[in-house]
Amino acid sequence: MKGGAFGWQTSLADLSLILFMLAAAALHDKPKERAERPRASPQSEPLAVYDAAPDAPPLGAWLDQQAVDPRQQLTITARYGPAPGAREAALREAARLLAQAGQAGRAARVVVEPGVGPARVALAYDTPDGTPLAR
């Protein structure tokens, strides 16, 4: 049964192409999504951890015992509770540790977050800018 020059397959292909063009046009006119929410910086397992307990040695002495590698990231994490002034105390503790790290010639990332426990300094192969370590 030969009909005209066009069979049902050609009509179906034409309709599929029209549907594809409509879908592409709809996706093109889609409004931009809202700005991306800030996300936590990537953190790997620490190589060494320093707890800023009252009886702990100075941070500079601890840092002198650690191997120097430019790929390592020093992270100071200070935690604060719900008590009034706890956040400010955590910020002061983080600033104190940051100053000690600076005296030892190390730059550090500072994180102040809700929680309990002493301030903690971790040395790890983190990638704060999201770039891969191997180049």
# chains A, B, ... in the order shown; residues from 1 in each chain; ligands from 1
>>> residues_around(residues="Ala107 (chain A)", least_positions_apart="6", cutoff="9 Å", atoms="only C-alpha atoms", output="PyMOL selection string")
chain A and resi 73-75+98+101
>>> write_last_selection(atoms="N, CA and C atoms", output="mmCIF file, in the first residue's frame")
data_model
loop_
_atom_site.group_PDB
_atom_site.id
_atom_site.type_symbol
_atom_site.label_atom_id
_atom_site.label_comp_id
_atom_site.auth_asym_id
_atom_site.auth_seq_id
_atom_site.Cartn_x
_atom_site.Cartn_y
_atom_site.Cartn_z
ATOM 1 N N GLN A 73 46.877 22.751 54.461
ATOM 2 C CA GLN A 73 46.056 23.867 54.905
ATOM 3 C C GLN A 73 45.894 23.767 56.413
ATOM 4 N N LEU A 74 46.178 24.848 57.112
ATOM 5 C CA LEU A 74 46.002 24.917 58.556
ATOM 6 C C LEU A 74 44.627 25.511 58.821
ATOM 7 N N THR A 75 43.799 24.807 59.573
ATOM 8 C CA THR A 75 42.445 25.265 59.866
ATOM 9 C C THR A 75 42.265 25.404 61.364
ATOM 10 N N LEU A 98 45.392 32.316 65.673
ATOM 11 C CA LEU A 98 45.810 32.811 64.362
ATOM 12 C C LEU A 98 47.093 33.629 64.487
ATOM 13 N N ALA A 101 49.924 31.218 64.946
ATOM 14 C CA ALA A 101 50.248 30.568 63.670
ATOM 15 C C ALA A 101 51.022 31.532 62.773
#
>>> closest_residue(among="A:Arg120, A:Ala53, A:Leu59, A:Ile18", to="Gly102 (chain A)", atoms="only C-alpha atoms")
A:Leu59
>>> closest_residue(among="A:Ala56, A:Ala13, A:Leu97, A:Ala25", to="Val110 (chain A)", atoms="only C-alpha atoms")
A:Leu97
>>> atom_distance(atom1="CA of Asp55 (chain A)", atom2="CA of Pro82 (chain A)")
24.8 Å
>>> closest_residue(among="A:Val68, A:Ala122, A:Val112, A:Ala52", to="Ala86 (chain A)", atoms="only C-alpha atoms")
A:Val112
>>> select_by_dssp(residues="region 6-135 of chain A", states="strand (DSSP E)", output="PyMOL selection string")
chain A and resi 48-51+73-80+108-114+120-124
>>> atom_distance(atom1="CA of Ala78 (chain A)", atom2="CA of Pro118 (chain A)")
7.0 Å
>>> atom_distance(atom1="CA of Gly60 (chain A)", atom2="CA of Ala124 (chain A)")
16.8 Å
>>> closest_residue(among="A:Asp51, A:Leu123, A:Arg79, A:Ser11", to="Gln66 (chain A)", atoms="only C-alpha atoms")
A:Leu123
>>> select_by_dssp(residues="region 56-121 of chain A", states="alpha helix (DSSP H)", output="list in words")
Leu59, Gly60, Ala61, Trp62, Leu63, Asp64, Ala86, Arg87, Glu88, Ala89, Ala90, Leu91, Arg92, Glu93, Ala94, Ala95, Arg96, Leu97, Leu98, Ala99, Gln100, Ala101, Gly102 and Gln103 of chain A
>>> closest_residue(among="A:Ala67, A:Val116, A:Leu15, A:Ala24", to="Ala90 (chain A)", atoms="only C-alpha atoms")
A:Val116
>>> residues_around(residues="Glu88 (chain A)", least_positions_apart="4", cutoff="12 Å", atoms="only C-alpha atoms", output="short mmCIF file (atom, residue, chain, number, x, y, z; two decimals) with C-alpha atoms, in the first residue's frame")
data_model
loop_
_atom_site.label_atom_id
_atom_site.label_comp_id
_atom_site.auth_asym_id
_atom_site.auth_seq_id
_atom_site.Cartn_x
_atom_site.Cartn_y
_atom_site.Cartn_z
CA ALA A 78 36.67 27.65 67.44
CA ARG A 79 33.32 26.62 68.90
CA TYR A 80 30.87 28.59 71.00
CA GLY A 81 27.86 27.70 73.12
CA PRO A 82 24.57 29.47 73.81
CA ALA A 83 25.90 31.53 76.75
CA PRO A 84 26.00 35.31 76.32
CA ARG A 92 39.11 36.01 70.57
CA GLU A 93 40.47 32.46 70.97
CA ALA A 94 40.57 32.00 67.20
CA ALA A 95 42.38 35.34 66.81
CA VAL A 112 33.91 29.77 64.13
CA GLU A 113 30.87 27.56 64.61
CA PRO A 114 28.33 26.57 67.28
#
